[in-house]
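K.L.:
So that you have it, the file is structure_23.pdb, and it contains PDB, C-alpha atoms:
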```
ATOM      1  CA  MET A   1      90.239 -38.095  72.830
ATOM      2  CA  ALA A   2      87.818 -40.999  72.615
ATOM      3  CA  GLY A   3      90.018 -43.818  73.856
ATOM      4  CA  HIS A   4      87.253 -45.831  75.455
ATOM      5  CA  SER A   5      88.232 -48.374  77.985
ATOM      6  CA  ALA A   6      84.594 -48.490  78.946
ATOM      7  CA  THR A   7      85.098 -50.438  82.141
ATOM      8  CA  GLU A   8      87.657 -47.972  83.571
ATOM      9  CA  GLU A   9      86.127 -44.629  82.646
ATOM     10  CA  LYS A  10      83.842 -43.053  85.276
ATOM     11  CA  LEU A  11      81.156 -40.973  83.611
ATOM     12  CA  ASP A  12      78.730 -40.150  86.458
ATOM     13  CA  HIS A  13      79.452 -36.468  85.949
ATOM     14  CA  LEU A  14      78.610 -36.426  82.237
ATOM     15  CA  GLN A  15      75.421 -34.491  81.434
ATOM     16  CA  HIS A  16      73.288 -36.027  78.691
ATOM     17  CA  HIS A  17      73.467 -32.946  76.444
ATOM     18  CA  PHE A  18      77.241 -33.232  75.956
ATOM     19  CA  ILE A  19      78.891 -35.585  73.504
ATOM     20  CA  ASP A  20      81.690 -36.529  75.874
ATOM     21  CA  SER A  21      83.549 -35.528  79.000
ATOM     22  CA  ASP A  22      86.011 -33.315  77.120
ATOM     23  CA  GLN A  23      83.284 -31.304  75.449
ATOM     24  CA  GLN A  24      81.625 -30.745  78.825
ATOM     25  CA  PHE A  25      84.951 -29.667  80.347
ATOM     26  CA  GLU A  26      85.686 -27.222  77.504
ATOM     27  CA  ALA A  27      82.181 -25.748  77.696
ATOM     28  CA  SER A  28      82.463 -25.169  81.455
ATOM     29  CA  LYS A  29      85.864 -23.584  81.061
ATOM     30  CA  MET A  30      84.682 -21.245  78.312
ATOM     31  CA  GLY A  31      81.737 -20.238  80.497
ATOM     32  CA  MET A  32      84.168 -19.413  83.298
ATOM     33  CA  TRP A  33      86.317 -17.324  80.966
ATOM     34  CA  ILE A  34      83.252 -15.314  79.937
ATOM     35  CA  PHE A  35      82.511 -14.729  83.626
ATOM     36  CA  LEU A  36      86.119 -13.606  84.151
ATOM     37  CA  VAL A  37      85.707 -11.092  81.315
ATOM     38  CA  THR A  38      82.787  -9.540  83.201
ATOM     39  CA  GLU A  39      84.931  -9.517  86.358
ATOM     40  CA  ILE A  40      87.736  -7.681  84.573
ATOM     41  CA  LEU A  41      85.316  -4.999  83.388
ATOM     42  CA  PHE A  42      83.660  -4.890  86.831
ATOM     43  CA  PHE A  43      86.989  -4.052  88.477
ATOM     44  CA  GLY A  44      87.827  -1.999  85.374
ATOM     45  CA  GLY A  45      85.292   0.638  86.400
ATOM     46  CA  LEU A  46      87.135   1.112  89.694
ATOM     47  CA  PHE A  47      90.489   1.285  87.936
ATOM     48  CA  VAL A  48      89.053   3.999  85.677
ATOM     49  CA  ALA A  49      87.925   5.966  88.763
ATOM     50  CA  TYR A  50      91.448   5.572  90.142
ATOM     51  CA  ILE A  51      93.001   6.871  86.913
ATOM     52  CA  VAL A  52      90.605   9.827  86.535
ATOM     53  CA  TYR A  53      91.225  11.024  90.089
ATOM     54  CA  ARG A  54      94.956  10.420  89.845
ATOM     55  CA  ALA A  55      95.034  12.631  86.739
ATOM     56  CA  TRP A  56      93.088  15.325  88.610
ATOM     57  CA  TYR A  57      94.969  15.160  91.943
ATOM     58  CA  PRO A  58      98.461  13.726  91.338
ATOM     59  CA  ASP A  59      99.888  15.179  94.577
ATOM     60  CA  LEU A  60      97.011  13.713  96.629
ATOM     61  CA  TYR A  61      98.070  10.188  95.661
ATOM     62  CA  LEU A  62     101.693  10.850  96.621
ATOM     63  CA  LEU A  63     100.712  12.166 100.060
ATOM     64  CA  ALA A  64      97.918   9.743 100.890
ATOM     65  CA  SER A  65      99.703   6.532  99.891
ATOM     66  CA  GLU A  66     102.258   7.240 102.653
ATOM     67  CA  GLN A  67      99.515   6.028 105.007
ATOM     68  CA  LEU A  68      99.734   2.564 103.430
ATOM     69  CA  ASP A  69     102.421   0.207 104.697
ATOM     70  CA  THR A  70     104.464  -1.081 101.723
ATOM     71  CA  PHE A  71     105.840  -3.934 103.835
ATOM     72  CA  TRP A  72     102.443  -5.481 104.571
ATOM     73  CA  GLY A  73     101.293  -4.838 101.007
ATOM     74  CA  ALA A  74     104.329  -6.748  99.747
ATOM     75  CA  VAL A  75     103.773  -9.580 102.242
ATOM     76  CA  ASN A  76     100.194  -9.915 100.997
ATOM     77  CA  THR A  77     101.446 -10.002  97.396
ATOM     78  CA  PHE A  78     103.730 -12.924  98.294
ATOM     79  CA  VAL A  79     100.883 -14.644 100.133
ATOM     80  CA  LEU A  80      98.522 -14.387  97.145
ATOM     81  CA  ILE A  81     101.128 -15.490  94.602
ATOM     82  CA  GLY A  82     101.945 -18.414  96.895
ATOM     83  CA  SER A  83      98.268 -19.322  97.012
ATOM     84  CA  SER A  84      98.060 -19.184  93.203
ATOM     85  CA  LEU A  85     100.960 -21.633  93.121
ATOM     86  CA  THR A  86      99.211 -24.017  95.534
ATOM     87  CA  VAL A  87      95.968 -23.830  93.503
ATOM     88  CA  ALA A  88      97.934 -24.739  90.385
ATOM     89  CA  MET A  89      99.455 -27.645  92.355
ATOM     90  CA  ALA A  90      95.955 -28.671  93.486
ATOM     91  CA  ILE A  91      94.791 -28.857  89.863
ATOM     92  CA  ARG A  92      97.891 -30.869  88.977
ATOM     93  CA  SER A  93      97.119 -33.292  91.822
ATOM     94  CA  ALA A  94      93.556 -33.703  90.562
ATOM     95  CA  GLN A  95      94.792 -34.334  87.024
ATOM     96  CA  LEU A  96      97.089 -37.070  88.354
ATOM     97  CA  ASN A  97      94.327 -38.640  90.469
ATOM     98  CA  GLN A  98      96.194 -37.733  93.701
ATOM     99  CA  ILE A  99      93.136 -36.817  95.758
ATOM    100  CA  LYS A 100      95.111 -36.545  99.005
ATOM    101  CA  GLY A 101      97.484 -34.043  97.398
ATOM    102  CA  LEU A 102      94.484 -32.147  96.044
ATOM    103  CA  ILE A 103      92.979 -31.801  99.524
ATOM    104  CA  ILE A 104      96.320 -30.789 101.100
ATOM    105  CA  ASN A 105      96.939 -28.134  98.437
ATOM    106  CA  LEU A 106      93.414 -26.777  98.832
ATOM    107  CA  TRP A 107      93.904 -26.486 102.617
ATOM    108  CA  ILE A 108      97.212 -24.631 102.147
ATOM    109  CA  THR A 109      95.467 -22.268  99.716
ATOM    110  CA  ILE A 110      92.637 -21.664 102.184
ATOM    111  CA  GLY A 111      95.234 -21.008 104.887
ATOM    112  CA  LEU A 112      97.100 -18.475 102.744
ATOM    113  CA  ALA A 113      93.831 -16.763 101.809
ATOM    114  CA  CYS A 114      93.014 -16.445 105.530
ATOM    115  CA  VAL A 115      96.489 -14.986 106.197
ATOM    116  CA  PHE A 116      95.763 -12.412 103.483
ATOM    117  CA  MET A 117      92.450 -11.457 105.087
ATOM    118  CA  VAL A 118      93.951 -11.250 108.604
ATOM    119  CA  ILE A 119      96.683  -8.869 107.375
ATOM    120  CA  LYS A 120      94.017  -6.843 105.547
ATOM    121  CA  TYR A 121      91.960  -6.748 108.761
ATOM    122  CA  PHE A 122      94.882  -5.283 110.747
ATOM    123  CA  GLU A 123      95.564  -2.735 107.995
ATOM    124  CA  TYR A 124      91.922  -1.625 107.995
ATOM    125  CA  ALA A 125      91.684  -1.601 111.822
ATOM    126  CA  GLU A 126      94.760   0.617 112.115
ATOM    127  CA  LYS A 127      93.239   3.096 109.637
ATOM    128  CA  PHE A 128      89.773   3.052 111.193
ATOM    129  CA  ALA A 129      91.345   3.823 114.586
ATOM    130  CA  LYS A 130      92.969   6.949 113.091
ATOM    131  CA  GLY A 131      89.684   8.097 111.546
ATOM    132  CA  ILE A 132      90.690   7.130 108.007
ATOM    133  CA  LEU A 133      87.248   6.120 106.784
ATOM    134  CA  PRO A 134      85.761   6.371 103.297
ATOM    135  CA  GLY A 135      83.895   9.406 101.994
ATOM    136  CA  SER A 136      82.234  11.801 104.426
ATOM    137  CA  TYR A 137      83.165   9.671 107.460
ATOM    138  CA  TYR A 138      86.811  10.620 106.952
ATOM    139  CA  SER A 139      88.188  12.527 109.963
ATOM    140  CA  TYR A 140      91.983  12.090 109.925
ATOM    141  CA  GLU A 141      94.107  15.282 109.953
ATOM    142  CA  GLY A 142      97.475  13.729 109.042
ATOM    143  CA  VAL A 143      97.236  14.049 105.234
ATOM    144  CA  ALA A 144      97.761  17.664 104.112
ATOM    145  CA  HIS A 145      95.278  17.611 101.250
ATOM    146  CA  GLU A 146      91.641  18.708 101.295
ATOM    147  CA  LYS A 147      90.586  15.790  99.092
ATOM    148  CA  ALA A 148      92.329  13.114 101.178
ATOM    149  CA  ASN A 149      89.023  11.269 101.658
ATOM    150  CA  ILE A 150      88.795  10.642  97.904
ATOM    151  CA  PHE A 151      91.968   8.570  97.823
ATOM    152  CA  PHE A 152      90.739   6.464 100.711
ATOM    153  CA  SER A 153      87.267   6.014  99.219
ATOM    154  CA  ILE A 154      88.978   4.553  96.155
ATOM    155  CA  TYR A 155      91.340   2.516  98.345
ATOM    156  CA  TYR A 156      88.486   1.002 100.357
ATOM    157  CA  MET A 157      86.328   0.292  97.306
ATOM    158  CA  MET A 158      89.124  -1.442  95.395
ATOM    159  CA  THR A 159      90.676  -3.428  98.248
ATOM    160  CA  GLY A 160      87.244  -4.075  99.781
ATOM    161  CA  LEU A 161      85.791  -5.531  96.593
ATOM    162  CA  HIS A 162      88.970  -7.544  96.155
ATOM    163  CA  GLY A 163      88.644  -8.773  99.751
ATOM    164  CA  VAL A 164      85.055  -9.893  99.089
ATOM    165  CA  HIS A 165      86.397 -11.933  96.173
ATOM    166  CA  VAL A 166      89.013 -13.537  98.439
ATOM    167  CA  ILE A 167      86.296 -14.476 100.968
ATOM    168  CA  ILE A 168      84.140 -15.976  98.193
ATOM    169  CA  GLY A 169      87.225 -17.880  97.018
ATOM    170  CA  ILE A 170      87.733 -19.312 100.524
ATOM    171  CA  GLY A 171      84.113 -20.492 100.494
ATOM    172  CA  LEU A 172      84.518 -22.099  97.074
ATOM    173  CA  MET A 173      87.650 -23.941  98.154
ATOM    174  CA  LEU A 174      86.014 -25.240 101.335
ATOM    175  CA  TRP A 175      83.287 -26.603  99.085
ATOM    176  CA  LEU A 176      85.953 -28.226  96.854
ATOM    177  CA  VAL A 177      87.557 -29.877  99.912
ATOM    178  CA  TYR A 178      84.131 -31.230 100.919
ATOM    179  CA  LYS A 179      83.531 -32.610  97.414
ATOM    180  CA  ALA A 180      87.044 -34.037  97.166
ATOM    181  CA  LYS A 181      86.571 -35.866 100.481
ATOM    182  CA  LYS A 182      83.385 -37.380  99.059
ATOM    183  CA  LYS A 183      85.572 -38.729  96.197
ATOM    184  CA  VAL A 184      83.733 -36.731  93.549
ATOM    185  CA  PHE A 185      86.910 -35.684  91.700
ATOM    186  CA  HIS A 186      89.286 -37.882  89.703
ATOM    187  CA  SER A 187      91.575 -37.400  86.717
ATOM    188  CA  GLY A 188      88.589 -37.686  84.360
ATOM    189  CA  TYR A 189      86.488 -35.089  86.191
ATOM    190  CA  TYR A 190      87.920 -32.124  88.079
ATOM    191  CA  THR A 191      86.081 -29.259  86.337
ATOM    192  CA  PRO A 192      85.086 -27.408  89.557
ATOM    193  CA  VAL A 193      88.743 -27.446  90.700
ATOM    194  CA  GLU A 194      89.896 -26.107  87.335
ATOM    195  CA  ILE A 195      87.407 -23.236  87.116
ATOM    196  CA  THR A 196      87.757 -22.251  90.787
ATOM    197  CA  GLY A 197      91.479 -22.134  90.035
ATOM    198  CA  LEU A 198      90.861 -19.770  87.125
ATOM    199  CA  TYR A 199      88.805 -17.507  89.432
ATOM    200  CA  TRP A 200      91.510 -17.574  92.087
ATOM    201  CA  HIS A 201      94.257 -16.656  89.603
ATOM    202  CA  LEU A 202      92.190 -13.684  88.411
ATOM    203  CA  VAL A 203      91.828 -12.470  92.012
ATOM    204  CA  ASP A 204      95.634 -12.757  92.214
ATOM    205  CA  ILE A 205      96.081 -10.768  88.980
ATOM    206  CA  ILE A 206      93.870  -7.962  90.301
ATOM    207  CA  TRP A 207      95.977  -7.739  93.462
ATOM    208  CA  ILE A 208      99.132  -7.700  91.293
ATOM    209  CA  PHE A 209      97.828  -4.391  89.886
ATOM    210  CA  LEU A 210      96.412  -3.005  93.139
ATOM    211  CA  PHE A 211      99.697  -3.411  95.022
ATOM    212  CA  PRO A 212     101.891  -1.051  92.933
ATOM    213  CA  LEU A 213      99.009   1.346  92.196
ATOM    214  CA  LEU A 214      98.069   1.879  95.855
ATOM    215  CA  TYR A 215     101.118   1.053  97.988
ATOM    216  CA  LEU A 216     104.096   1.863  95.772
ATOM    217  CA  ILE A 217     103.534   5.548  94.958
ATOM    218  CA  ASP A 218     106.393   7.601  96.319
TER     219      ASP A 218
ATOM    220  CA  MET B   1      93.404 -27.367  71.754
ATOM    221  CA  SER B   2      94.428 -29.522  74.633
ATOM    222  CA  GLY B   3      92.105 -28.949  77.531
ATOM    223  CA  HIS B   4      94.125 -31.109  79.869
ATOM    224  CA  HIS B   5      97.639 -29.743  79.874
ATOM    225  CA  ILE B   6      99.462 -31.066  82.946
ATOM    226  CA  SER B   7     102.361 -28.882  84.113
ATOM    227  CA  SER B   8     105.207 -30.479  86.041
ATOM    228  CA  ALA B   9     105.597 -29.481  89.691
ATOM    229  CA  LYS B  10     109.052 -28.108  88.895
ATOM    230  CA  PHE B  11     107.620 -25.869  86.177
ATOM    231  CA  LEU B  12     104.877 -24.504  88.471
ATOM    232  CA  TRP B  13     107.448 -23.719  91.172
ATOM    233  CA  GLY B  14     109.577 -21.974  88.536
ATOM    234  CA  VAL B  15     106.620 -19.793  87.567
ATOM    235  CA  GLY B  16     105.911 -19.018  91.243
ATOM    236  CA  ILE B  17     109.545 -18.097  91.949
ATOM    237  CA  THR B  18     109.643 -15.854  88.853
ATOM    238  CA  LEU B  19     106.562 -14.040  90.185
ATOM    239  CA  PHE B  20     108.193 -13.657  93.629
ATOM    240  CA  MET B  21     111.308 -12.172  91.991
ATOM    241  CA  LEU B  22     109.236  -9.705  89.963
ATOM    242  CA  THR B  23     107.444  -8.648  93.171
ATOM    243  CA  ILE B  24     110.814  -7.929  94.791
ATOM    244  CA  LEU B  25     111.840  -6.032  91.647
ATOM    245  CA  THR B  26     108.720  -3.859  91.650
ATOM    246  CA  VAL B  27     109.394  -2.871  95.289
ATOM    247  CA  ALA B  28     113.122  -2.395  94.640
ATOM    248  CA  VAL B  29     112.639   0.062  91.757
ATOM    249  CA  THR B  30     110.810   2.436  94.112
ATOM    250  CA  TRP B  31     114.035   2.776  96.161
ATOM    251  CA  ILE B  32     115.954   4.290  93.224
ATOM    252  CA  HIS B  33     113.328   7.042  92.674
ATOM    253  CA  ILE B  34     112.743   7.044  88.937
ATOM    254  CA  PRO B  35     111.471  10.510  87.831
ATOM    255  CA  SER B  36     107.749  11.083  87.720
ATOM    256  CA  PRO B  37     105.925   9.638  84.737
ATOM    257  CA  TRP B  38     108.398   6.767  84.337
ATOM    258  CA  ASN B  39     107.996   5.316  87.833
ATOM    259  CA  VAL B  40     104.330   4.618  87.017
ATOM    260  CA  VAL B  41     105.249   3.221  83.594
ATOM    261  CA  VAL B  42     107.792   0.836  85.147
ATOM    262  CA  ALA B  43     105.378  -0.254  87.915
ATOM    263  CA  ILE B  44     102.583  -0.952  85.405
ATOM    264  CA  ALA B  45     104.972  -2.696  82.996
ATOM    265  CA  ILE B  46     106.130  -5.107  85.735
ATOM    266  CA  ALA B  47     102.494  -5.711  86.788
ATOM    267  CA  VAL B  48     101.518  -6.455  83.164
ATOM    268  CA  VAL B  49     104.391  -8.938  82.812
ATOM    269  CA  LYS B  50     103.310 -10.654  86.051
ATOM    270  CA  ALA B  51      99.673 -10.762  84.903
ATOM    271  CA  LEU B  52     100.726 -12.276  81.565
ATOM    272  CA  ILE B  53     102.818 -14.934  83.339
ATOM    273  CA  VAL B  54      99.895 -15.848  85.620
ATOM    274  CA  SER B  55      97.401 -16.007  82.750
ATOM    275  CA  ALA B  56      99.709 -17.923  80.392
ATOM    276  CA  PHE B  57     101.160 -20.531  82.763
ATOM    277  CA  PHE B  58      98.864 -20.739  85.812
ATOM    278  CA  MET B  59      95.605 -20.192  83.938
ATOM    279  CA  ASN B  60      97.039 -22.305  81.079
ATOM    280  CA  LEU B  61      96.173 -19.798  78.346
ATOM    281  CA  TYR B  62      99.451 -20.745  76.657
ATOM    282  CA  TRP B  63      98.081 -24.219  75.904
ATOM    283  CA  GLU B  64      94.453 -23.155  75.787
ATOM    284  CA  SER B  65      91.817 -22.948  73.065
ATOM    285  CA  LYS B  66      92.455 -19.765  71.100
ATOM    286  CA  PHE B  67      88.877 -18.701  71.695
ATOM    287  CA  ASN B  68      89.504 -18.296  75.438
ATOM    288  CA  VAL B  69      92.643 -16.273  74.661
ATOM    289  CA  LEU B  70      90.500 -14.088  72.416
ATOM    290  CA  LEU B  71      88.006 -13.518  75.264
ATOM    291  CA  PHE B  72      90.806 -12.435  77.591
ATOM    292  CA  VAL B  73      92.397 -10.135  75.002
ATOM    293  CA  MET B  74      89.021  -8.571  74.161
ATOM    294  CA  SER B  75      88.317  -7.835  77.831
ATOM    295  CA  ALA B  76      91.662  -6.034  78.042
ATOM    296  CA  ALA B  77      90.896  -4.134  74.815
ATOM    297  CA  PHE B  78      87.487  -2.984  76.051
ATOM    298  CA  PHE B  79      89.000  -2.013  79.393
ATOM    299  CA  LEU B  80      91.527   0.216  77.569
ATOM    300  CA  LEU B  81      88.670   1.672  75.519
ATOM    301  CA  MET B  82      86.786   2.487  78.736
ATOM    302  CA  ILE B  83      89.875   4.267  80.117
ATOM    303  CA  GLY B  84      90.518   6.124  76.856
ATOM    304  CA  ILE B  85      87.012   7.435  76.282
ATOM    305  CA  THR B  86      86.581   8.457  79.933
ATOM    306  CA  LEU B  87      89.875  10.378  79.894
ATOM    307  CA  LEU B  88      88.862  12.157  76.685
ATOM    308  CA  ASP B  89      86.134  13.726  78.812
ATOM    309  CA  THR B  90      87.772  14.229  82.203
ATOM    310  CA  LEU B  91      91.168  15.476  80.963
ATOM    311  CA  TYR B  92      89.707  18.163  78.682
ATOM    312  CA  ARG B  93      87.078  19.865  80.815
ATOM    313  CA  ASN B  94      87.109  23.655  81.007
ATOM    314  CA  ASP B  95      86.255  23.506  84.675
ATOM    315  CA  PRO B  96      88.240  20.401  85.413
ATOM    316  CA  ILE B  97      87.651  19.751  89.077
ATOM    317  CA  PRO B  98      84.056  19.117  90.135
ATOM    318  CA  SER B  99      82.995  19.604  93.750
ATOM    319  CA  PHE B 100      83.547  15.942  94.604
TER     320      PHE B 100
END
```
What is this file in structure tokens?

P.N.:
Amino acid sequence: MAGHSATEEKLDHLQHHFIDSDQQFEASKMGMWIFLVTEILFFGGLFVAYIVYRAWYPDLYLLASEQLDTFWGAVNTFVLIGSSLTVAMAIRSAQLNQIKGLIINLWITIGLACVFMVIKYFEYAEKFAKGILPGSYYSYEGVAHEKANIFFSIYYMMTGLHGVHVIIGIGLMLWLVYKAKKKVFHSGYYTPVEITGLYWHLVDIIWIFLFPLLYLID
Amino acid sequence: MSGHHISSAKFLWGVGITLFMLTILTVAVTWIHIPSPWNVVVAIAIAVVKALIVSAFFMNLYWESKFNVLLFVMSAAFFLLMIGITLLDTLYRNDPIPSF
């Protein structure tokens, strides 16, 4: 796509080692995909731990997941899918040069991400108050299984690492809002919005698996 | 390879609503108590469909360079390999349950 209308096209973002804007965009996106591959395998290790222990203690998972509230898990699933939608809308706005729409969509996404974290905070707080803590700190008597702490160690590791990713995502999107307000992005350059979007959708995908695996065992 | 596919707002909302419906479905199937191995199979199957929808239409893999699709598929393949090889050990131990 080399339709040069040299006066119109803004090329401040173009690094000298790329042929054109498109090549730079594709290279950034491929780099992000390679990072996402490492993320999938990073979380993959935790999913493997989940599977190994579920194969060893199937009844533990049935008993322990009763401590998790399906309703709030489902609400958080809706919140994250909604935020994926608004990120996709933010990218669309950037592609169409609608910088105001981009900023509004980013703020909605940040808001939804905060709602997710607040719900997660109340879920954790309720468990901590009962003595449901990971590993050897576990002191709750309400789950009739001697290995109950194992389920919750896995629960805290998986949801905790996911939560860290959500917090990092909030930070990235605040940075995007800042950049967008400084008029850095336009239809010819929105690479940071695009690749932050890819990251955010992956965080959503991981939650899509965590929700049924942790909350929906009955 | 078109790096700048622009989805219509209507299409994105359609994808979002489909994902909301599948979330309701995955909760609803737990109410009918499918017998043991199949409830997990159904839950994972719905999650995989949702993940494919997100990656194809939100992450634009459907319109994306095939190389990025390959990266994504390979990560899934290596993840399955990690599960498979680990289970070959942990499922077939003589003394299956360690002290932890």

K.L.:
Using all atoms listed in the file, find each residue in chain B having at least one atom no more than 6 Å away from chain A; report its shortest atom-to-atom pair and that distance in Å (one decimal), rows by chain then rising number, as a tab-separated table.

P.N.:
```
residue	atom	partner	partner_atom	distance
B:Gly16	CA	A:Leu85	CA	5.9
B:Ala47	CA	A:Phe209	CA	5.8
B:Ala51	CA	A:Ile205	CA	5.4
B:Met59	CA	A:Leu198	CA	5.7
B:Ser75	CA	A:Val37	CA	5.4
B:Ile83	CA	A:Val48	CA	5.6
```

K.L.:
Carefully work through the PyMOL selection byres ((chain B and resi 21) around 12) for this structure and note down the residues it includes, as a VMD selection string.

P.N.:
(chain A and resid 74 77 to 78 81) or (chain B and resid 14 to 20 22 to 28 46 49 to 50)

K.L.:
Given the choices A:Tyr121, A:His16, A:Phe152, A:Trp107, which gets closest to Ser136 (chain A) if the distance is worked out from all atoms listed in the file?

P.N.:
A:Phe152

K.L.:
Please measure the separation of CA of Tyr156 (chain A) and CA of Phe116 (chain A), giving the value in Å to one decimal.

P.N.:
15.6 Å

K.L.:
At what distance in Å, to one decimal, does CA of Leu11 (chain A) lie from CA of Ser8 (chain B)?

P.N.:
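Rounded to one decimal, the two atoms are 26.4 Å apart.
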
K.L.:
Please indicate the distance in Å from CA of Leu176 (chain A) to CA of Val193 (chain A), rounded to one decimal place.

P.N.:
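These atoms are spaced 6.8 Å apart.
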
K.L.:
Is it possible to get the axis-aligned box enclosing region 7-16 of chain B (all listed atoms, 4 Å extra per side) as lines of an AutoDock Vina configuration file, with centre and edge lengths in Å rounded to one decimal?

P.N.:
```
center_x = 106.0
center_y = -24.7
center_z = 87.7
size_x = 15.2
size_y = 19.5
size_z = 15.1
```

K.L.:
Starting from the shown file, work through the PyMOL selection byres ((chain A and resi 151) around 9) and note down what comes out as a VMD selection string.

P.N.:
chain A and resid 50 53 to 54 60 to 61 64 to 65 134 147 to 150 152 to 156

K.L.:
Residues around (89.2, -39.5, 92.4), cut-off 10 Å, counting only C-alpha atoms - what are they as a list of chain:residue names?

P.N.:
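The residues near that point, listed by chain and number, are A:Lys10, A:Ala94, A:Gln95, A:Leu96, A:Asn97, A:Gln98, A:Ile99, A:Lys100, A:Leu102, A:Ala180, A:Lys181, A:Lys182, A:Lys183, A:Val184, A:Phe185, A:His186, A:Ser187, A:Gly188, A:Tyr189, A:Tyr190.
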
K.L.:
For region 17-34 of chain B, supply N, CA and C atoms and report the output as a PDB file, in the coordinates of the input.

P.N.:
```pdb
ATOM      1  N   ILE B  17     108.317 -18.802  91.531  1.00  0.00           N
ATOM      2  CA  ILE B  17     109.545 -18.097  91.949  1.00  0.00           C
ATOM      3  C   ILE B  17     109.786 -16.877  91.058  1.00  0.00           C
ATOM      4  N   THR B  18     109.518 -17.014  89.747  1.00  0.00           N
ATOM      5  CA  THR B  18     109.643 -15.854  88.853  1.00  0.00           C
ATOM      6  C   THR B  18     108.739 -14.716  89.324  1.00  0.00           C
ATOM      7  N   LEU B  19     107.502 -15.066  89.724  1.00  0.00           N
ATOM      8  CA  LEU B  19     106.562 -14.040  90.185  1.00  0.00           C
ATOM      9  C   LEU B  19     107.040 -13.405  91.483  1.00  0.00           C
ATOM     10  N   PHE B  20     107.636 -14.216  92.388  1.00  0.00           N
ATOM     11  CA  PHE B  20     108.193 -13.657  93.629  1.00  0.00           C
ATOM     12  C   PHE B  20     109.306 -12.667  93.305  1.00  0.00           C
ATOM     13  N   MET B  21     110.184 -13.047  92.376  1.00  0.00           N
ATOM     14  CA  MET B  21     111.308 -12.172  91.991  1.00  0.00           C
ATOM     15  C   MET B  21     110.795 -10.848  91.429  1.00  0.00           C
ATOM     16  N   LEU B  22     109.772 -10.929  90.568  1.00  0.00           N
ATOM     17  CA  LEU B  22     109.236  -9.705  89.963  1.00  0.00           C
ATOM     18  C   LEU B  22     108.581  -8.819  91.026  1.00  0.00           C
ATOM     19  N   THR B  23     108.010  -9.443  92.079  1.00  0.00           N
ATOM     20  CA  THR B  23     107.444  -8.648  93.171  1.00  0.00           C
ATOM     21  C   THR B  23     108.553  -7.890  93.898  1.00  0.00           C
ATOM     22  N   ILE B  24     109.673  -8.600  94.153  1.00  0.00           N
ATOM     23  CA  ILE B  24     110.814  -7.929  94.791  1.00  0.00           C
ATOM     24  C   ILE B  24     111.300  -6.790  93.898  1.00  0.00           C
ATOM     25  N   LEU B  25     111.373  -7.059  92.590  1.00  0.00           N
ATOM     26  CA  LEU B  25     111.840  -6.032  91.647  1.00  0.00           C
ATOM     27  C   LEU B  25     110.941  -4.797  91.677  1.00  0.00           C
ATOM     28  N   THR B  26     109.621  -5.004  91.717  1.00  0.00           N
ATOM     29  CA  THR B  26     108.720  -3.859  91.650  1.00  0.00           C
ATOM     30  C   THR B  26     108.832  -3.003  92.924  1.00  0.00           C
ATOM     31  N   VAL B  27     109.152  -3.650  94.065  1.00  0.00           N
ATOM     32  CA  VAL B  27     109.394  -2.871  95.289  1.00  0.00           C
ATOM     33  C   VAL B  27     110.757  -2.180  95.196  1.00  0.00           C
ATOM     34  N   ALA B  28     111.750  -2.924  94.685  1.00  0.00           N
ATOM     35  CA  ALA B  28     113.122  -2.395  94.640  1.00  0.00           C
ATOM     36  C   ALA B  28     113.236  -1.164  93.754  1.00  0.00           C
ATOM     37  N   VAL B  29     112.505  -1.100  92.641  1.00  0.00           N
ATOM     38  CA  VAL B  29     112.639   0.062  91.757  1.00  0.00           C
ATOM     39  C   VAL B  29     112.118   1.339  92.419  1.00  0.00           C
ATOM     40  N   THR B  30     111.272   1.211  93.445  1.00  0.00           N
ATOM     41  CA  THR B  30     110.810   2.436  94.112  1.00  0.00           C
ATOM     42  C   THR B  30     111.929   3.051  94.965  1.00  0.00           C
ATOM     43  N   TRP B  31     112.935   2.243  95.338  1.00  0.00           N
ATOM     44  CA  TRP B  31     114.035   2.776  96.161  1.00  0.00           C
ATOM     45  C   TRP B  31     114.961   3.667  95.352  1.00  0.00           C
ATOM     46  N   ILE B  32     115.022   3.470  94.004  1.00  0.00           N
ATOM     47  CA  ILE B  32     115.954   4.290  93.224  1.00  0.00           C
ATOM     48  C   ILE B  32     115.289   5.552  92.668  1.00  0.00           C
ATOM     49  N   HIS B  33     114.023   5.799  93.030  1.00  0.00           N
ATOM     50  CA  HIS B  33     113.328   7.042  92.674  1.00  0.00           C
ATOM     51  C   HIS B  33     113.464   7.442  91.209  1.00  0.00           C
ATOM     52  N   ILE B  34     112.805   6.700  90.358  1.00  0.00           N
ATOM     53  CA  ILE B  34     112.743   7.044  88.937  1.00  0.00           C
ATOM     54  C   ILE B  34     111.866   8.296  88.787  1.00  0.00           C
TER      55      ILE B  34
END
```
